[in-house]
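K.L.:
Right, I'll just put the structure down here and ask away after.
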Amino acid sequence: MQQEYSPADIEAKVQQHWQQEKTFRAVEDNEKEKYYCLAMFPYPSGQLHMGHVRNYTIGDVIARYHRMQGKNVLQPMGWDAFGLPAENAAIKNKVAPAAWTYDNIDYMRAQLQRLGLGYDWERELATCSPEYYRWEQWLFIRLFEKGLVYKKTAAVNWDPVDNTVLANEQVIDGRGWRSGALVEKRDIPQWFMKITDYAEQLLNDLDQLDGWPEQVKTMQANWIGRSEGLQIEFDIVDSTEKLAVYTTRPDTLMGVTYLAVAAEHPLALKSAESNAELQAFIDECRRMETSEAALETADKKGVATGLMATHPITGELVPVWAANFVLMGYGTGAVMSVPAHDQRDYEFANQYGLAIKQVIAPAHDETCDLTVAAFTEKGQLVNSGQFDGLSSAASFDAIAQQLEQQNKGERQVNYRLRDWGVSRQRYWGTPIPIINCPDCGAVPVPEADLPVRLPEDVIVDGSGSPIKSMPEFYQCACPRCGSDAERETDTFDTFFESSWYYARFTCPDNSEAMLDERAKHWLPVDQYIGGIEHAVLHLLYARFFHKLMRDEGLVAGDEPFKNLLTQGMVLKDGMKMSKSKGNTVDPQALIDQYGADTARLFMMFAAPPEQSLEWSDKAVEGSNRFLKRLWRFTIEHVEKGACTTLIIDSLSDDLKAVRRQTYQALTKVSDDIGRRHTFNTAIAAVMELMNAVTKLDDNSEQARAVIQEALEMTVLMLSPITPHICHQLWQLLGHEEAVVNADWPQVDDSALVQDKIELMIQVNGKLRAKMKVDADADKATVEALAVADENVQKFIADKEIRKIIVVPGRLINIVVAG
RNA sequence: GCCGGGGUGGCGGAACUGGUAGACGCGCUGGAUUCAAAAUCCAGUUACUUCGGUAGUGUCGGUUCGAUUCCGACCCUCGGUACCA
């Protein structure tokens, strides 16, 4: 028998067994409860990083646990294969993005297999394959026909030196990452999806997601940002133009002292024709970054347009300013400014000497000092003419009613959420299946012509997408009128692919349809696991897609992911691992040195999944040490030969204690893995059990039987986490059937019974003594024993006992005077 | 800026519903074993202490018999911020 723990041999052998037995192949089976466990698929960047190891181990542990619960588990894996890094690698290494991507997939697949993850590889998919992306082209056309997609101009980051569009990530301090040129905003026509049509559903259906973390639901709700307000029209003096603004605070309407429009607003552009200062300001704004973080943290600047607007109620004239913090693509591109009651407006007004007019007075005892800051709370209206004395809430209706009567405003529900711009001016993505005809306009590619294949044999040189200079790709005939036309050369946002892959995994081999009945069998995903960084965008887009597919009759149910687990990052020295910081740890080296089980055990033990995980070489060694200890102890136990049957009534107190600890551990581990997903505490409980068992100094036959039971439980409990070693140990312990097919054990309640329990005794909340009492001792007995305790008496002395608090099974707190 | 997390020994973390702060592991210290080392095993390990205790969970304040846990203010840090995935 093998004395030394040799993970390389064991793991190869066990993985081969799984492969031969097709252990993880998922077949639809209506007899069993289905369980779809999915970890977010990786971008094939080249090699696995620690975050992947963590993510996929968590998923695998959960999947294997549910398998042991008798469920029919589907756990697939695939590749989020389109994206920017492939193009960057192509420029750097002069390889085509496709070839680079496929090589990476092959390498990373092998790495995942080496980790012993229980995937059904027959369902593997890569989003860059035409068999996959044809169906999102197909869906896009269906949505086009439904009117759920449209084209409009929107701003992108333009690098004037490289003549290319940059991602926000590629803009560093306002400059292009490669050229160093100052980035400009450029407006180009792009496709949008009407996610705002689904805003209400996306918000309301969050209530269905009991299995999601509250923080993620809160972030999504805030991102959607539903608000109820008033759209108000201001007339522009000496013009037929009107300026519409949206406000959630109509109660402050009488305090408006100026209006602010985006620099790109038509009114600003028109005024700039005869206003050099304004034109210069608009040009300056054009050089700003497009990201919200950059915009919001930039200095707030503005220039008067020279236009005046008429206040819709008072008729007073207020100036119209152009300001860099007002976004054209957001709402109406204009806001009303109430410096007295909005902090940003307040600072802007002070900076430019604009009037500040208080119209809200505090209703309670809030402080209101307009020489220091704006008063942003709601309150009671003042300086508001006929509305004076109304509360903020009451004035909403009064003001809305008056404006509605005068046709100068209407109630509106608004969302912070903006429609989803899906066009990317990049090569390595799904071609947008639209043909632009000079006569017919945008015409969808006929279904029979799908997929629109992306040419894969190309050279990428950094001067933009190669298909934009490939007539053989873009030249075509209009499907409607037959005249010369051009294909879209833009590709989809890669969030497109990752928004529905979870559904395609149920039927990846279907070449006739996007999805089939199997989608309705397996969905929703029972457990989805991925990085917290996806809390808003990916998860919102996937939820949106699910509703789109539902409305196409492709899936049932409103939501794609029943339960969500968001994992934290893997850090080294408190920092995110990254190539640029040079602090990466290669998982391959970890596996090569210690084996997959040690890697998995460390990842699960070092921190609970939702927290960030601090890398530690030493702690990895500790995990390895534990497995070695378990291995050695089991071998030693097994070598002593077969065990006799347990005779529970005959056990000594020590052996009873070990049995109790065995089942206490099982109770805790079942809860920790099944409900809490705190694998670290589950492992700690198993370690405690092992410590107790190895300390047992008893060579009797009954002791060996107790140890056999404890070891069997240990192997079963650890098998989802370290499946290879457990497979082997399970055999050694005398089992024919593979542990992967074993049932999760049942708790023996009789083993848990305790006749004495330990209680803490506090005096005035401070721990002063401990005592053991009968488990069924009544309150009076417990109080009397506590007060009588020698050490307790020292602290009570001759003081008066005011009261005694007894928390059953836990503690007694004696409250004394003085 | 805004939205959402996090902050506990030398380190990773535990304490699940307001009830023993520091489980489990790492590291360190001492011991056993060894010619010696590695490995392994055993014991100890929050700080201070007059050895009775006292203080202690980012900071300051509050509620409570009792607060890591609840409330208020603040500091630091991480994730997201719509073209990184």
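As shown in the structure tokens, the chain order sets the letters A, B, ...; within each chain, residues go from 1, and ligands are also counted from 1 in the order they appear.
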Near segment 28-32 of chain B, counting only C-alpha atoms (C1' of nucleotides), which residues have an atom at most 12 Å away, once you skip same-chain residues fewer than 4 positions from it, shown as a list in words?
P.N.:
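Listed by chain and then number, they are G10, C11, U40, C41, C42, A43, G44 and U45 of chain B.
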K.L.:
I'd like the neighbourhood of A14 of chain B as JSON, numbers by chain, where a residue qualifies if any of its atoms comes within 9 Å (using only C-alpha atoms (C1' of nucleotides)), though same-chain residues fewer than 5 positions away should be ignored.
P.N.:
{"A": [681], "B": [22, 23, 24]}
K.L.:
Taking only segment 673-811 of chain A into account, list the residues labelled strand (DSSP E or B) by DSSP (computed from the backbone), as JSON, numbers by chain.
P.N.:
{"A": [756, 757, 758, 759, 760, 761, 762, 763, 766, 767, 768, 769, 770, 771, 772, 773, 774, 801, 802, 803, 804, 805, 806, 807, 811]}
K.L.:
Quick check: residues of chain B within 7 Å of chain A, only C-alpha atoms (C1' of nucleotides), returned as a list in words.
P.N.:
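Result: G1, C3, G4, G12, G13, G19, U20, C24, G25, C26, C65, G66, G79, G80, U81, C83, C84 and A85 of chain B.
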K.L.:
So which one's closest to Asn72 of chain A, A:Glu559, A:Glu136, A:Glu284, A:Asp526? Using only C-alpha atoms, please.
P.N.:
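Of A:Glu559, A:Glu136, A:Glu284, A:Asp526, the one nearest Asn72 of chain A is A:Asp526, counting only C-alpha atoms.
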K.L.:
Quick one: everything within 7 Å of Gln69 of chain A, counting only C-alpha atoms (C1' of nucleotides), minus sequence neighbours fewer than 2 positions away in the same chain. Send it as JSON, numbers by chain.
P.N.:
{"A": [65, 66, 67, 71, 743, 744]}
K.L.:
From the set A:Lys357, A:Lys562, A:Lys34, A:Arg632, which residue has the shortest atom-to-atom contact distance to Arg518 of chain A, counting only C-alpha atoms?
P.N.:
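Of A:Lys357, A:Lys562, A:Lys34, A:Arg632, the one nearest Arg518 of chain A, counting only C-alpha atoms, is A:Lys34.
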K.L.:
In Å to one decimal, how far is atom CA of Trp138 of chain A from atom CA of Ile435 of chain A?
P.N.:
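Atom CA of Ile435 of chain A sits 14.0 Å away from atom CA of Trp138 of chain A.
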K.L.:
Extract, using only C-alpha atoms (C1' of nucleotides), all DNA, RNA and protein residues at most 7 Å from segment 48-58 of chain B, discarding same-chain residues fewer than 3 positions from it, and format them as a PyMOL selection string.
P.N.:
chain B and resi 7-8+68
K.L.:
Between A:Leu139, A:Ala268, A:Ala304, A:Ala817, which residue has the minimum interatomic distance to Met514 of chain A, considering only C-alpha atoms?
P.N.:
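Residue with the minimum atom-to-atom distance to Met514 of chain A: A:Leu139.
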K.L.:
Grab the atom CA of Gly78 of chain A to atom CA of Leu125 of chain A distance for me, in Å with one decimal place.
P.N.:
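Atom CA of Leu125 of chain A lies 4.7 Å from atom CA of Gly78 of chain A.
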K.L.:
Run DSSP on the backbone and give me the residues of segment 158-373 of chain A it puts in alpha helix (DSSP H), as number ranges by chain.
P.N.:
A: 199-204, 214-224, 266-272, 276-286, 292-297, 343-352
K.L.:
Could you write out that same residue set with C-alpha atoms as a PDB file, in the first residue's frame?
P.N.:
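For reference, result.pdb as written:
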ATOM      1  CA  ALA A 199     -36.317  48.990 -16.849  1.00  0.00           C
ATOM      2  CA  GLU A 200     -39.471  48.542 -14.790  1.00  0.00           C
ATOM      3  CA  GLN A 201     -39.333  44.742 -15.072  1.00  0.00           C
ATOM      4  CA  LEU A 202     -35.627  44.620 -14.352  1.00  0.00           C
ATOM      5  CA  LEU A 203     -36.292  46.622 -11.229  1.00  0.00           C
ATOM      6  CA  ASN A 204     -39.441  44.849 -10.047  1.00  0.00           C
ATOM      7  CA  GLU A 214     -28.871  42.167  -1.042  1.00  0.00           C
ATOM      8  CA  GLN A 215     -25.882  44.314  -2.008  1.00  0.00           C
ATOM      9  CA  VAL A 216     -26.065  43.179  -5.634  1.00  0.00           C
ATOM     10  CA  LYS A 217     -29.797  43.830  -5.815  1.00  0.00           C
ATOM     11  CA  THR A 218     -29.257  47.258  -4.270  1.00  0.00           C
ATOM     12  CA  MET A 219     -26.555  48.084  -6.788  1.00  0.00           C
ATOM     13  CA  GLN A 220     -28.791  47.027  -9.652  1.00  0.00           C
ATOM     14  CA  ALA A 221     -31.736  48.983  -8.315  1.00  0.00           C
ATOM     15  CA  ASN A 222     -29.551  52.069  -7.914  1.00  0.00           C
ATOM     16  CA  TRP A 223     -28.120  51.590 -11.369  1.00  0.00           C
ATOM     17  CA  ILE A 224     -31.593  51.426 -12.877  1.00  0.00           C
ATOM     18  CA  PRO A 266     -28.074  72.147 -30.005  1.00  0.00           C
ATOM     19  CA  LEU A 267     -28.829  75.431 -28.207  1.00  0.00           C
ATOM     20  CA  ALA A 268     -25.224  75.749 -27.101  1.00  0.00           C
ATOM     21  CA  LEU A 269     -23.877  74.856 -30.516  1.00  0.00           C
ATOM     22  CA  LYS A 270     -26.111  77.447 -32.154  1.00  0.00           C
ATOM     23  CA  SER A 271     -25.157  80.189 -29.723  1.00  0.00           C
ATOM     24  CA  ALA A 272     -21.494  79.363 -30.169  1.00  0.00           C
ATOM     25  CA  ALA A 276     -16.044  82.682 -29.415  1.00  0.00           C
ATOM     26  CA  GLU A 277     -15.733  82.033 -25.691  1.00  0.00           C
ATOM     27  CA  LEU A 278     -18.562  79.536 -25.786  1.00  0.00           C
ATOM     28  CA  GLN A 279     -17.073  77.862 -28.855  1.00  0.00           C
ATOM     29  CA  ALA A 280     -13.748  77.512 -27.060  1.00  0.00           C
ATOM     30  CA  PHE A 281     -15.526  75.962 -24.095  1.00  0.00           C
ATOM     31  CA  ILE A 282     -17.352  73.489 -26.322  1.00  0.00           C
ATOM     32  CA  ASP A 283     -14.041  72.539 -27.928  1.00  0.00           C
ATOM     33  CA  GLU A 284     -12.550  72.025 -24.501  1.00  0.00           C
ATOM     34  CA  CYS A 285     -15.418  69.759 -23.507  1.00  0.00           C
ATOM     35  CA  ARG A 286     -14.849  67.731 -26.633  1.00  0.00           C
ATOM     36  CA  GLU A 292     -18.662  58.915 -15.713  1.00  0.00           C
ATOM     37  CA  ALA A 293     -15.908  58.787 -13.108  1.00  0.00           C
ATOM     38  CA  ALA A 294     -13.791  61.229 -15.102  1.00  0.00           C
ATOM     39  CA  LEU A 295     -16.739  63.543 -15.699  1.00  0.00           C
ATOM     40  CA  GLU A 296     -17.934  63.613 -12.131  1.00  0.00           C
ATOM     41  CA  THR A 297     -14.543  64.259 -10.627  1.00  0.00           C
ATOM     42  CA  GLN A 343     -24.978  71.162  -3.635  1.00  0.00           C
ATOM     43  CA  ARG A 344     -23.510  70.964  -7.135  1.00  0.00           C
ATOM     44  CA  ASP A 345     -25.629  73.879  -8.318  1.00  0.00           C
ATOM     45  CA  TYR A 346     -24.626  75.734  -5.166  1.00  0.00           C
ATOM     46  CA  GLU A 347     -20.921  75.378  -5.869  1.00  0.00           C
ATOM     47  CA  PHE A 348     -21.388  76.289  -9.505  1.00  0.00           C
ATOM     48  CA  ALA A 349     -23.406  79.389  -8.614  1.00  0.00           C
ATOM     49  CA  ASN A 350     -20.776  80.548  -6.150  1.00  0.00           C
ATOM     50  CA  GLN A 351     -18.032  79.975  -8.677  1.00  0.00           C
ATOM     51  CA  TYR A 352     -19.747  82.076 -11.344  1.00  0.00           C
TER      52      TYR A 352
END
K.L.:
With only C-alpha atoms as the basis for distance, which of A:Ala442, A:Ile236, A:Met771, A:Ala363 is at the shortest distance from Val787 of chain A?
P.N.:
A:Met771
K.L.:
Rounded to one decimal, what separation in Å do you get between atom CA of Asp697 of chain A and atom CA of Lys640 of chain A?
P.N.:
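Calculated distance between atom CA of Asp697 of chain A and atom CA of Lys640 of chain A is 15.2 Å.
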